Amino acid sequence: MGQYVTTKKGRTFYIHETTGEQGTIIGSHGLTGNHKQLNYYQEALSDYRFISYDILGRGNSDPAPKDSSIDTHADDLLDLIDMLKIEHPILLGYSMGAYISAIAASRLDETKALILLDGAGETDEATRKLVLPSLDRLKKTFTSPDHYAQEAKKLYTALGVDWGAHMEEVVRYEIKEAGGAWRNKSDPDTIARDFESFYTFQPENVLAHIHCPVFLLTATGSLEDKGPLFKEEGYAQTKEAARNIRTAVTSANHYELVFNWQPEIIGQLESFLSQKEVKS
């Protein structure tokens, strides 16, 4: 079920909610994504109430403020949790959403568990060189939704993503018509600013304030022979600072992690969530 929710600060978010009896997961997507990026995990974890949402400046949520960053988005997540009256949430974040979820968990003592899907580590210049050129697509205009989908298909299939009805739905959701042309709904400057805020993240400070169980999954698959988006060594401080952490590694790359069905990873998440300390 999709709906719009306005927080006490007057910011409106689009959320997609599915029902379940095993507690509430709220999922935060990646830098240029939207709530549909988490679709496979939302479907798979059907025993849980699962809420995914469009982060400000993405999808159908309000534009992001001029000072947006992973910190402001974390505050937005906490505002959403408060507005939706979620008690003891399980925070799940992918890529940028992992940074956001980690910061939110460090500020919310009643967080039941934290799931980090390839994010919340230290970034380096190699990450910047992989990400910034890819943002140029946000500046382009297209003649139709079909044109946009065709170009997106070329991009994602080159990254190992299986193309089908799900991916068609994902990419068509992220565009809008303006002045007779079609373009991505996100403002390129907002996305670039949010990305630069990754470099302000200090795992040793954030993770030290998180008391709930943590699951960290790192994706080691290479992006077009340029290596993984986040290097394994960038997670050293995250692993060291977390008090109660379970780690796992996948050979999938950063994009395959969410856009391809991942039964092994889903099994690992189910195992983590079944721990007594998470279920209690």
# chains A, B, ... in the order shown; residues from 1 in each chain; ligands from 1

$ residues_around --residues "A:Gly267" --least-positions-apart "5" --cutoff "12 Å" --atoms "only C-alpha atoms" --output "number ranges by chain"
A: 41, 44-45, 248, 261-262, 272-274

$ write_last_selection --atoms "N, CA and C atoms" --output "compact mmCIF listing (two decimals), in the first residue's frame"
# COMPACT_ATOMS: atom_id res chain seq x y z
N TYR A 41 13.60 -7.23 -1.09
CA TYR A 41 13.72 -7.49 0.34
C TYR A 41 12.37 -7.30 1.03
N ALA A 44 10.43 -10.44 0.28
CA ALA A 44 10.96 -11.65 0.92
C ALA A 44 10.70 -11.67 2.43
N LEU A 45 10.81 -10.51 3.08
CA LEU A 45 10.64 -10.45 4.54
C LEU A 45 9.18 -10.18 4.87
N ALA A 248 28.74 -10.49 6.84
CA ALA A 248 28.64 -11.43 5.74
C ALA A 248 29.17 -10.74 4.49
N TRP A 261 17.44 -10.88 -7.66
CA TRP A 261 16.93 -11.68 -6.54
C TRP A 261 18.09 -12.38 -5.86
N GLN A 262 18.20 -12.24 -4.53
CA GLN A 262 19.34 -12.75 -3.79
C GLN A 262 18.90 -13.69 -2.67
N PHE A 272 19.64 -13.76 10.84
CA PHE A 272 19.97 -12.65 11.75
C PHE A 272 18.73 -12.21 12.53
N LEU A 273 17.62 -12.03 11.82
CA LEU A 273 16.40 -11.55 12.46
C LEU A 273 15.79 -12.56 13.41
N SER A 274 16.16 -13.85 13.25
CA SER A 274 15.61 -14.89 14.11
C SER A 274 16.38 -15.02 15.43

$ residues_around --residues "A:His147" --least-positions-apart "6" --cutoff "12 Å" --atoms "only C-alpha atoms" --output "ChimeraX atom specification"
/A:140-141,153-154,168,171-172,175,181-183

$ write_last_selection --atoms "all heavy atoms" --output "short mmCIF file (atom, residue, chain, number, x, y, z; two decimals), in the first residue's frame"
data_model
loop_
_atom_site.label_atom_id
_atom_site.label_comp_id
_atom_site.auth_asym_id
_atom_site.auth_seq_id
_atom_site.Cartn_x
_atom_site.Cartn_y
_atom_site.Cartn_z
N LYS A 140 20.58 14.49 -18.05
CA LYS A 140 20.14 14.28 -19.43
C LYS A 140 18.62 14.34 -19.55
O LYS A 140 17.89 14.06 -18.59
CB LYS A 140 20.64 12.92 -19.93
CG LYS A 140 22.15 12.81 -20.01
CD LYS A 140 22.57 11.41 -20.49
CE LYS A 140 24.08 11.29 -20.58
NZ LYS A 140 24.51 9.93 -20.99
N THR A 141 18.15 14.69 -20.74
CA THR A 141 16.72 14.65 -21.04
C THR A 141 16.47 13.58 -22.09
O THR A 141 17.35 13.23 -22.88
CB THR A 141 16.22 16.01 -21.55
OG1 THR A 141 16.97 16.38 -22.72
CG2 THR A 141 16.37 17.08 -20.48
N LYS A 153 18.37 0.43 -19.41
CA LYS A 153 18.61 -0.99 -19.62
C LYS A 153 20.06 -1.24 -20.04
O LYS A 153 20.72 -2.16 -19.54
CB LYS A 153 17.66 -1.54 -20.68
CG LYS A 153 17.82 -3.04 -20.94
CD LYS A 153 16.80 -3.54 -21.97
CE LYS A 153 16.97 -5.03 -22.20
NZ LYS A 153 15.98 -5.54 -23.19
N LYS A 154 20.59 -0.41 -20.92
CA LYS A 154 21.99 -0.54 -21.34
C LYS A 154 22.92 -0.38 -20.14
O LYS A 154 23.88 -1.14 -19.97
CB LYS A 154 22.33 0.51 -22.40
CG LYS A 154 21.62 0.34 -23.73
CD LYS A 154 21.97 1.50 -24.66
CE LYS A 154 21.15 1.47 -25.94
NZ LYS A 154 21.43 2.66 -26.79
N GLU A 168 11.91 -2.48 -15.26
CA GLU A 168 11.12 -1.52 -16.04
C GLU A 168 10.32 -0.62 -15.09
O GLU A 168 10.25 0.60 -15.25
CB GLU A 168 10.17 -2.25 -16.99
CG GLU A 168 10.84 -2.85 -18.21
CD GLU A 168 11.08 -1.84 -19.32
OE1 GLU A 168 10.52 -0.73 -19.26
OE2 GLU A 168 11.86 -2.17 -20.24
N VAL A 171 12.74 1.93 -13.12
CA VAL A 171 13.27 3.09 -13.85
C VAL A 171 12.16 4.03 -14.33
O VAL A 171 12.36 5.25 -14.39
CB VAL A 171 14.19 2.67 -15.02
CG1 VAL A 171 15.36 1.85 -14.50
CG2 VAL A 171 13.44 1.92 -16.10
N ARG A 172 11.00 3.49 -14.64
CA ARG A 172 9.91 4.37 -15.09
C ARG A 172 9.35 5.19 -13.93
O ARG A 172 8.80 6.28 -14.14
CB ARG A 172 8.81 3.55 -15.77
CG ARG A 172 9.24 3.02 -17.15
CD ARG A 172 8.21 2.10 -17.77
NE ARG A 172 8.72 1.53 -19.00
CZ ARG A 172 8.55 2.05 -20.22
NH1 ARG A 172 7.86 3.18 -20.36
NH2 ARG A 172 9.05 1.47 -21.29
N ILE A 175 11.29 8.86 -13.24
CA ILE A 175 11.34 9.96 -14.20
C ILE A 175 10.05 10.78 -14.18
O ILE A 175 9.01 10.33 -13.69
CB ILE A 175 11.59 9.45 -15.64
CG1 ILE A 175 10.53 8.43 -16.06
CG2 ILE A 175 13.00 8.90 -15.75
CD1 ILE A 175 10.60 8.04 -17.51
N ALA A 181 9.93 17.14 -22.34
CA ALA A 181 11.01 16.14 -22.27
C ALA A 181 10.90 15.38 -20.95
O ALA A 181 10.22 15.81 -20.02
CB ALA A 181 12.37 16.81 -22.39
N TRP A 182 11.59 14.25 -20.89
CA TRP A 182 11.57 13.42 -19.69
C TRP A 182 12.96 13.39 -19.07
O TRP A 182 13.96 13.37 -19.77
CB TRP A 182 11.14 12.00 -20.04
CG TRP A 182 9.71 11.95 -20.49
CD1 TRP A 182 9.21 12.26 -21.72
CD2 TRP A 182 8.58 11.59 -19.69
NE1 TRP A 182 7.84 12.13 -21.75
CE2 TRP A 182 7.43 11.70 -20.50
CE3 TRP A 182 8.43 11.17 -18.36
CZ2 TRP A 182 6.15 11.42 -20.04
CZ3 TRP A 182 7.15 10.88 -17.90
CH2 TRP A 182 6.03 11.01 -18.73
N ARG A 183 12.98 13.44 -17.74
CA ARG A 183 14.26 13.39 -17.03
C ARG A 183 14.04 12.78 -15.64
O ARG A 183 12.91 12.64 -15.17
CB ARG A 183 14.86 14.79 -16.89
CG ARG A 183 13.94 15.84 -16.32
CD ARG A 183 14.69 16.95 -15.64
NE ARG A 183 15.38 16.46 -14.45
CZ ARG A 183 16.16 17.22 -13.69
NH1 ARG A 183 16.36 18.48 -14.01
NH2 ARG A 183 16.74 16.73 -12.62
#

$ residues_around --residues "stretch 99-101 of chain A" --least-positions-apart "3" --cutoff "10 Å" --atoms "only C-alpha atoms" --output "ChimeraX atom specification"
/A:26-30,69-78,90-96,104-107,114-121,197-198,201-203,206

$ select_by_dssp --residues "stretch 85-258 of chain A" --states "strand (DSSP E)" --output "number ranges by chain"
A: 90-94, 113-117, 175-178, 181-184, 214-219, 245-250

$ closest_atom_pairs --of "stretch 136-182 of chain A" --to "stretch 221-240 of chain A" --cutoff "12 Å" --atoms "only C-alpha atoms" --output "CSV"
residue,atom,partner,partner_atom,distance
A:Leu155,CA,A:Glu224,CA,10.6
A:Tyr156,CA,A:Leu223,CA,10.6
A:Thr157,CA,A:Glu224,CA,10.7
A:Ala158,CA,A:Glu224,CA,7.3
A:Leu159,CA,A:Leu223,CA,6.2
A:Gly160,CA,A:Leu223,CA,8.6
A:Val161,CA,A:Leu223,CA,11.1

$ write_last_selection --atoms "all heavy atoms" --output "PDB file, in the first residue's frame"
ATOM      1  N   LEU A 155      22.634   0.614 -19.329  1.00  0.00           N
ATOM      2  CA  LEU A 155      23.473   0.900 -18.159  1.00  0.00           C
ATOM      3  C   LEU A 155      23.459  -0.258 -17.165  1.00  0.00           C
ATOM      4  O   LEU A 155      24.508  -0.745 -16.743  1.00  0.00           O
ATOM      5  CB  LEU A 155      22.977   2.176 -17.479  1.00  0.00           C
ATOM      6  CG  LEU A 155      23.589   2.526 -16.118  1.00  0.00           C
ATOM      7  CD1 LEU A 155      25.044   2.922 -16.270  1.00  0.00           C
ATOM      8  CD2 LEU A 155      22.794   3.650 -15.449  1.00  0.00           C
ATOM      9  N   TYR A 156      22.270  -0.705 -16.796  1.00  0.00           N
ATOM     10  CA  TYR A 156      22.158  -1.710 -15.737  1.00  0.00           C
ATOM     11  C   TYR A 156      22.586  -3.108 -16.195  1.00  0.00           C
ATOM     12  O   TYR A 156      23.180  -3.850 -15.411  1.00  0.00           O
ATOM     13  CB  TYR A 156      20.736  -1.732 -15.181  1.00  0.00           C
ATOM     14  CG  TYR A 156      20.453  -0.595 -14.227  1.00  0.00           C
ATOM     15  CD1 TYR A 156      19.505   0.379 -14.520  1.00  0.00           C
ATOM     16  CD2 TYR A 156      21.144  -0.496 -13.021  1.00  0.00           C
ATOM     17  CE1 TYR A 156      19.244   1.421 -13.639  1.00  0.00           C
ATOM     18  CE2 TYR A 156      20.893   0.539 -12.133  1.00  0.00           C
ATOM     19  CZ  TYR A 156      19.948   1.499 -12.452  1.00  0.00           C
ATOM     20  OH  TYR A 156      19.708   2.529 -11.584  1.00  0.00           O
ATOM     21  N   THR A 157      22.273  -3.474 -17.422  1.00  0.00           N
ATOM     22  CA  THR A 157      22.699  -4.803 -17.876  1.00  0.00           C
ATOM     23  C   THR A 157      24.225  -4.886 -17.958  1.00  0.00           C
ATOM     24  O   THR A 157      24.806  -5.949 -17.714  1.00  0.00           O
ATOM     25  CB  THR A 157      22.064  -5.166 -19.227  1.00  0.00           C
ATOM     26  OG1 THR A 157      22.320  -4.133 -20.183  1.00  0.00           O
ATOM     27  CG2 THR A 157      20.562  -5.360 -19.093  1.00  0.00           C
ATOM     28  N   ALA A 158      24.882  -3.755 -18.268  1.00  0.00           N
ATOM     29  CA  ALA A 158      26.347  -3.728 -18.263  1.00  0.00           C
ATOM     30  C   ALA A 158      26.896  -3.942 -16.857  1.00  0.00           C
ATOM     31  O   ALA A 158      28.047  -4.356 -16.689  1.00  0.00           O
ATOM     32  CB  ALA A 158      26.857  -2.405 -18.827  1.00  0.00           C
ATOM     33  N   LEU A 159      26.065  -3.673 -15.839  1.00  0.00           N
ATOM     34  CA  LEU A 159      26.466  -3.844 -14.444  1.00  0.00           C
ATOM     35  C   LEU A 159      26.014  -5.193 -13.882  1.00  0.00           C
ATOM     36  O   LEU A 159      26.095  -5.421 -12.673  1.00  0.00           O
ATOM     37  CB  LEU A 159      25.889  -2.702 -13.595  1.00  0.00           C
ATOM     38  CG  LEU A 159      26.455  -1.309 -13.885  1.00  0.00           C
ATOM     39  CD1 LEU A 159      25.602  -0.237 -13.212  1.00  0.00           C
ATOM     40  CD2 LEU A 159      27.902  -1.206 -13.425  1.00  0.00           C
ATOM     41  N   GLY A 160      25.521  -6.079 -14.748  1.00  0.00           N
ATOM     42  CA  GLY A 160      25.149  -7.419 -14.303  1.00  0.00           C
ATOM     43  C   GLY A 160      23.729  -7.564 -13.797  1.00  0.00           C
ATOM     44  O   GLY A 160      23.370  -8.605 -13.240  1.00  0.00           O
ATOM     45  N   VAL A 161      22.925  -6.526 -13.984  1.00  0.00           N
ATOM     46  CA  VAL A 161      21.554  -6.558 -13.478  1.00  0.00           C
ATOM     47  C   VAL A 161      20.645  -7.299 -14.461  1.00  0.00           C
ATOM     48  O   VAL A 161      20.695  -7.061 -15.673  1.00  0.00           O
ATOM     49  CB  VAL A 161      21.028  -5.125 -13.242  1.00  0.00           C
ATOM     50  CG1 VAL A 161      19.539  -5.126 -12.908  1.00  0.00           C
ATOM     51  CG2 VAL A 161      21.824  -4.445 -12.130  1.00  0.00           C
TER      52      VAL A 161
END

$ select_by_dssp --residues "stretch 26-257 of chain A" --states "helix (DSSP H, G or I)" --output "short mmCIF file (atom, residue, chain, number, x, y, z; two decimals) with N, CA and C atoms, in the first residue's frame"
data_model
loop_
_atom_site.label_atom_id
_atom_site.label_comp_id
_atom_site.auth_asym_id
_atom_site.auth_seq_id
_atom_site.Cartn_x
_atom_site.Cartn_y
_atom_site.Cartn_z
N HIS A 35 12.08 4.04 -3.21
CA HIS A 35 11.64 2.91 -2.37
C HIS A 35 11.61 1.59 -3.13
N LYS A 36 11.44 1.63 -4.45
CA LYS A 36 11.36 0.40 -5.23
C LYS A 36 12.69 -0.36 -5.26
N GLN A 37 13.76 0.31 -4.91
CA GLN A 37 15.07 -0.34 -4.86
C GLN A 37 15.09 -1.49 -3.84
N LEU A 38 14.22 -1.42 -2.85
CA LEU A 38 14.19 -2.43 -1.79
C LEU A 38 13.07 -3.45 -2.00
N ASN A 39 12.48 -3.46 -3.19
CA ASN A 39 11.30 -4.27 -3.44
C ASN A 39 11.50 -5.75 -3.13
N TYR A 40 12.63 -6.33 -3.57
CA TYR A 40 12.85 -7.76 -3.35
C TYR A 40 12.94 -8.10 -1.87
N TYR A 41 13.60 -7.23 -1.09
CA TYR A 41 13.72 -7.49 0.34
C TYR A 41 12.37 -7.30 1.03
N GLN A 42 11.62 -6.33 0.57
CA GLN A 42 10.28 -6.11 1.14
C GLN A 42 9.38 -7.31 0.86
N GLU A 43 9.47 -7.87 -0.33
CA GLU A 43 8.67 -9.05 -0.66
C GLU A 43 9.11 -10.27 0.16
N ALA A 44 10.43 -10.44 0.28
CA ALA A 44 10.96 -11.65 0.92
C ALA A 44 10.70 -11.67 2.43
N ILE A 70 23.58 13.09 4.72
CA ILE A 70 23.18 11.86 5.41
C ILE A 70 22.68 12.17 6.82
N ASP A 71 23.17 13.24 7.42
CA ASP A 71 22.71 13.61 8.77
C ASP A 71 21.28 14.14 8.75
N THR A 72 20.96 15.02 7.80
CA THR A 72 19.59 15.55 7.74
C THR A 72 18.62 14.44 7.35
N HIS A 73 19.05 13.54 6.48
CA HIS A 73 18.17 12.43 6.09
C HIS A 73 17.94 11.49 7.27
N ALA A 74 18.94 11.34 8.14
CA ALA A 74 18.76 10.53 9.35
C ALA A 74 17.72 11.16 10.28
N ASP A 75 17.78 12.48 10.41
CA ASP A 75 16.76 13.17 11.21
C ASP A 75 15.37 12.99 10.60
N ASP A 76 15.30 13.03 9.26
CA ASP A 76 14.02 12.80 8.58
C ASP A 76 13.48 11.40 8.88
N LEU A 77 14.38 10.42 8.88
CA LEU A 77 13.97 9.05 9.19
C LEU A 77 13.41 8.97 10.61
N LEU A 78 14.07 9.61 11.54
CA LEU A 78 13.57 9.62 12.92
C LEU A 78 12.22 10.33 13.01
N ASP A 79 12.03 11.39 12.23
CA ASP A 79 10.74 12.09 12.20
C ASP A 79 9.65 11.18 11.65
N LEU A 80 9.99 10.41 10.62
CA LEU A 80 9.03 9.47 10.05
C LEU A 80 8.64 8.39 11.06
N ILE A 81 9.64 7.87 11.75
CA ILE A 81 9.39 6.83 12.77
C ILE A 81 8.45 7.38 13.84
N ASP A 82 8.69 8.62 14.23
CA ASP A 82 7.85 9.27 15.24
C ASP A 82 6.43 9.48 14.70
N MET A 83 6.33 9.96 13.47
CA MET A 83 5.02 10.25 12.89
C MET A 83 4.20 8.98 12.70
N MET A 96 23.62 4.53 0.51
CA MET A 96 23.41 5.75 1.30
C MET A 96 22.44 5.48 2.44
N GLY A 97 21.45 4.64 2.18
CA GLY A 97 20.49 4.32 3.23
C GLY A 97 21.12 3.65 4.43
N ALA A 98 22.24 2.96 4.23
CA ALA A 98 22.95 2.34 5.35
C ALA A 98 23.56 3.41 6.25
N TYR A 99 24.15 4.44 5.63
CA TYR A 99 24.68 5.56 6.43
C TYR A 99 23.56 6.21 7.22
N ILE A 100 22.46 6.48 6.54
CA ILE A 100 21.31 7.13 7.18
C ILE A 100 20.78 6.28 8.33
N SER A 101 20.62 4.99 8.09
CA SER A 101 20.07 4.10 9.11
C SER A 101 21.01 3.97 10.31
N ALA A 102 22.32 3.93 10.05
CA ALA A 102 23.28 3.84 11.15
C ALA A 102 23.23 5.09 12.02
N ILE A 103 23.20 6.26 11.39
CA ILE A 103 23.13 7.51 12.16
C ILE A 103 21.84 7.56 12.96
N ALA A 104 20.73 7.18 12.33
CA ALA A 104 19.44 7.18 13.04
C ALA A 104 19.47 6.22 14.23
N ALA A 105 20.05 5.04 14.02
CA ALA A 105 20.13 4.06 15.12
C ALA A 105 20.97 4.58 16.27
N SER A 106 22.00 5.38 15.96
CA SER A 106 22.85 5.93 17.01
C SER A 106 22.11 6.99 17.83
N ARG A 107 21.00 7.49 17.29
CA ARG A 107 20.22 8.53 17.97
C ARG A 107 18.92 8.00 18.55
N GLU A 125 38.82 7.84 -2.49
CA GLU A 125 38.76 8.50 -3.80
C GLU A 125 38.31 7.55 -4.89
N ALA A 126 38.55 6.26 -4.73
CA ALA A 126 38.11 5.30 -5.73
C ALA A 126 36.57 5.30 -5.82
N THR A 127 35.91 5.44 -4.68
CA THR A 127 34.44 5.52 -4.67
C THR A 127 33.97 6.75 -5.41
N ARG A 128 34.62 7.87 -5.17
CA ARG A 128 34.25 9.12 -5.85
C ARG A 128 34.40 8.99 -7.37
N LYS A 129 35.46 8.32 -7.79
CA LYS A 129 35.70 8.16 -9.24
C LYS A 129 34.67 7.24 -9.88
N LEU A 130 34.09 6.34 -9.11
CA LEU A 130 33.06 5.46 -9.62
C LEU A 130 31.69 6.15 -9.65
N VAL A 131 31.42 6.96 -8.64
CA VAL A 131 30.09 7.53 -8.48
C VAL A 131 29.87 8.79 -9.32
N LEU A 132 30.77 9.74 -9.24
CA LEU A 132 30.51 11.04 -9.85
C LEU A 132 30.23 10.98 -11.36
N PRO A 133 30.99 10.21 -12.14
CA PRO A 133 30.66 10.15 -13.58
C PRO A 133 29.27 9.57 -13.84
N SER A 134 28.82 8.68 -12.96
CA SER A 134 27.51 8.05 -13.17
C SER A 134 26.37 9.03 -12.94
N LEU A 135 26.64 10.14 -12.27
CA LEU A 135 25.59 11.11 -11.97
C LEU A 135 25.24 11.97 -13.17
N ASP A 136 26.05 11.92 -14.21
CA ASP A 136 25.77 12.71 -15.41
C ASP A 136 24.43 12.34 -16.03
N ARG A 137 23.99 11.09 -15.83
CA ARG A 137 22.72 10.66 -16.42
C ARG A 137 21.54 11.44 -15.84
N LEU A 138 21.71 12.01 -14.63
CA LEU A 138 20.64 12.78 -14.02
C LEU A 138 20.41 14.11 -14.73
N LYS A 139 21.41 14.56 -15.48
CA LYS A 139 21.32 15.84 -16.18
C LYS A 139 20.72 15.71 -17.58
N PRO A 145 9.35 8.05 -21.95
CA PRO A 145 9.70 7.04 -20.94
C PRO A 145 10.37 5.82 -21.56
N ASP A 146 9.95 5.44 -22.78
CA ASP A 146 10.59 4.30 -23.45
C ASP A 146 12.06 4.59 -23.73
N HIS A 147 12.35 5.80 -24.15
CA HIS A 147 13.74 6.20 -24.43
C HIS A 147 14.58 6.10 -23.15
N TYR A 148 14.03 6.62 -22.06
CA TYR A 148 14.74 6.56 -20.78
C TYR A 148 14.98 5.11 -20.37
N ALA A 149 13.94 4.28 -20.49
CA ALA A 149 14.05 2.87 -20.09
C ALA A 149 15.09 2.14 -20.94
N GLN A 150 15.14 2.45 -22.23
CA GLN A 150 16.12 1.81 -23.12
C GLN A 150 17.55 2.14 -22.69
N GLU A 151 17.79 3.42 -22.35
CA GLU A 151 19.13 3.83 -21.93
C GLU A 151 19.48 3.23 -20.57
N ALA A 152 18.49 3.18 -19.69
CA ALA A 152 18.72 2.58 -18.36
C ALA A 152 19.03 1.09 -18.49
N LYS A 153 18.37 0.43 -19.41
CA LYS A 153 18.61 -0.99 -19.62
C LYS A 153 20.06 -1.24 -20.04
N LYS A 154 20.59 -0.41 -20.92
CA LYS A 154 21.99 -0.54 -21.34
C LYS A 154 22.92 -0.38 -20.14
N LEU A 155 22.63 0.61 -19.33
CA LEU A 155 23.47 0.90 -18.16
C LEU A 155 23.46 -0.26 -17.17
N TYR A 156 22.27 -0.70 -16.80
CA TYR A 156 22.16 -1.71 -15.74
C TYR A 156 22.59 -3.11 -16.19
N THR A 157 22.27 -3.47 -17.42
CA THR A 157 22.70 -4.80 -17.88
C THR A 157 24.23 -4.89 -17.96
N ALA A 158 24.88 -3.76 -18.27
CA ALA A 158 26.35 -3.73 -18.26
C ALA A 158 26.90 -3.94 -16.86
N ALA A 165 10.45 -7.09 -15.91
CA ALA A 165 9.34 -6.21 -15.56
C ALA A 165 9.64 -5.38 -14.31
N HIS A 166 10.34 -5.99 -13.34
CA HIS A 166 10.66 -5.26 -12.11
C HIS A 166 11.53 -4.05 -12.41
N MET A 167 12.58 -4.23 -13.21
CA MET A 167 13.47 -3.12 -13.52
C MET A 167 12.78 -2.05 -14.37
N GLU A 168 11.91 -2.48 -15.26
CA GLU A 168 11.12 -1.52 -16.04
C GLU A 168 10.32 -0.62 -15.09
N GLU A 169 9.71 -1.25 -14.08
CA GLU A 169 8.91 -0.50 -13.11
C GLU A 169 9.79 0.46 -12.31
N VAL A 170 10.97 0.00 -11.90
CA VAL A 170 11.89 0.83 -11.11
C VAL A 170 12.28 2.09 -11.88
N VAL A 171 12.74 1.93 -13.12
CA VAL A 171 13.27 3.09 -13.85
C VAL A 171 12.16 4.03 -14.33
N ARG A 172 11.00 3.49 -14.64
CA ARG A 172 9.91 4.37 -15.09
C ARG A 172 9.35 5.19 -13.93
N TYR A 173 9.49 4.67 -12.72
CA TYR A 173 9.04 5.43 -11.54
C TYR A 173 9.93 6.64 -11.27
N PRO A 188 20.41 16.93 -9.78
CA PRO A 188 21.80 16.47 -9.75
C PRO A 188 22.63 17.09 -8.63
N ASP A 189 22.39 18.37 -8.33
CA ASP A 189 23.16 19.04 -7.27
C ASP A 189 22.85 18.45 -5.90
N THR A 190 21.59 18.10 -5.68
CA THR A 190 21.20 17.46 -4.41
C THR A 190 21.91 16.13 -4.25
N ILE A 191 21.91 15.34 -5.31
CA ILE A 191 22.53 14.01 -5.26
C ILE A 191 24.03 14.13 -5.01
N ALA A 192 24.67 15.05 -5.72
CA ALA A 192 26.12 15.23 -5.54
C ALA A 192 26.45 15.70 -4.12
N ARG A 193 25.64 16.61 -3.58
CA ARG A 193 25.87 17.10 -2.22
C ARG A 193 25.69 15.97 -1.20
N ASP A 194 24.64 15.18 -1.38
CA ASP A 194 24.42 14.07 -0.46
C ASP A 194 25.57 13.07 -0.54
N PHE A 195 26.07 12.82 -1.74
CA PHE A 195 27.19 11.89 -1.88
C PHE A 195 28.42 12.41 -1.15
N GLU A 196 28.72 13.68 -1.28
CA GLU A 196 29.90 14.22 -0.60
C GLU A 196 29.79 14.09 0.91
N SER A 197 28.56 14.04 1.42
CA SER A 197 28.40 13.91 2.88
C SER A 197 28.78 12.52 3.37
N PHE A 198 28.92 11.55 2.46
CA PHE A 198 29.42 10.23 2.88
C PHE A 198 30.78 10.38 3.56
N TYR A 199 31.56 11.35 3.10
CA TYR A 199 32.93 11.52 3.57
C TYR A 199 33.01 12.15 4.96
N THR A 200 31.86 12.58 5.48
CA THR A 200 31.83 13.10 6.85
C THR A 200 31.53 12.01 7.86
N PRO A 203 32.69 6.14 11.34
CA PRO A 203 32.12 4.90 11.90
C PRO A 203 32.39 4.73 13.38
N GLU A 204 33.60 5.09 13.81
CA GLU A 204 33.96 4.86 15.21
C GLU A 204 33.09 5.67 16.16
N ASN A 205 32.60 6.83 15.70
CA ASN A 205 31.72 7.65 16.54
C ASN A 205 30.28 7.18 16.48
N VAL A 206 29.81 6.87 15.29
CA VAL A 206 28.41 6.47 15.11
C VAL A 206 28.14 5.10 15.71
N LEU A 207 28.92 4.10 15.33
CA LEU A 207 28.66 2.73 15.77
C LEU A 207 28.83 2.55 17.28
N ALA A 208 29.68 3.37 17.88
CA ALA A 208 29.89 3.27 19.32
C ALA A 208 28.63 3.61 20.11
N HIS A 209 27.69 4.30 19.49
CA HIS A 209 26.45 4.70 20.18
C HIS A 209 25.28 3.80 19.82
N GLU A 232 36.59 -3.36 0.94
CA GLU A 232 36.43 -4.13 2.17
C GLU A 232 37.14 -3.45 3.35
N GLU A 233 38.33 -2.89 3.10
CA GLU A 233 39.07 -2.27 4.21
C GLU A 233 38.37 -1.02 4.75
N GLY A 234 37.48 -0.45 3.95
CA GLY A 234 36.73 0.72 4.41
C GLY A 234 35.74 0.40 5.52
N TYR A 235 35.49 -0.90 5.71
CA TYR A 235 34.55 -1.31 6.76
C TYR A 235 35.24 -1.70 8.06
N ALA A 236 36.56 -1.58 8.11
CA ALA A 236 37.30 -2.02 9.30
C ALA A 236 36.83 -1.29 10.56
N GLN A 237 36.71 0.03 10.48
CA GLN A 237 36.29 0.80 11.65
C GLN A 237 34.84 0.50 12.04
N THR A 238 34.00 0.27 11.04
CA THR A 238 32.61 -0.08 11.33
C THR A 238 32.54 -1.37 12.12
N LYS A 239 33.29 -2.37 11.68
CA LYS A 239 33.30 -3.66 12.36
C LYS A 239 33.88 -3.55 13.76
N GLU A 240 34.93 -2.76 13.90
CA GLU A 240 35.61 -2.63 15.19
C GLU A 240 34.77 -1.87 16.20
N ALA A 241 34.04 -0.86 15.73
CA ALA A 241 33.30 0.01 16.65
C ALA A 241 31.97 -0.59 17.10
N GLU A 256 23.78 -5.43 -8.23
CA GLU A 256 23.17 -6.76 -8.22
C GLU A 256 22.55 -7.07 -6.85
N LEU A 257 23.13 -6.50 -5.82
CA LEU A 257 22.68 -6.73 -4.45
C LEU A 257 21.20 -6.42 -4.26
#

$ closest_residue --among "A:Thr247, A:Ser68, A:Gly2, A:Lys112" --to "A:Gln268" --atoms "only C-alpha atoms"
A:Thr247

$ residues_around --residues "A:Asp187" --least-positions-apart "6" --cutoff "10 Å" --atoms "only C-alpha atoms" --output "ChimeraX atom specification"
/A:32,57-58,63-64,138-139

$ atom_distance --atom1 "atom CA of A:His88" --atom2 "atom CA of A:Asp109"
8.7 Å
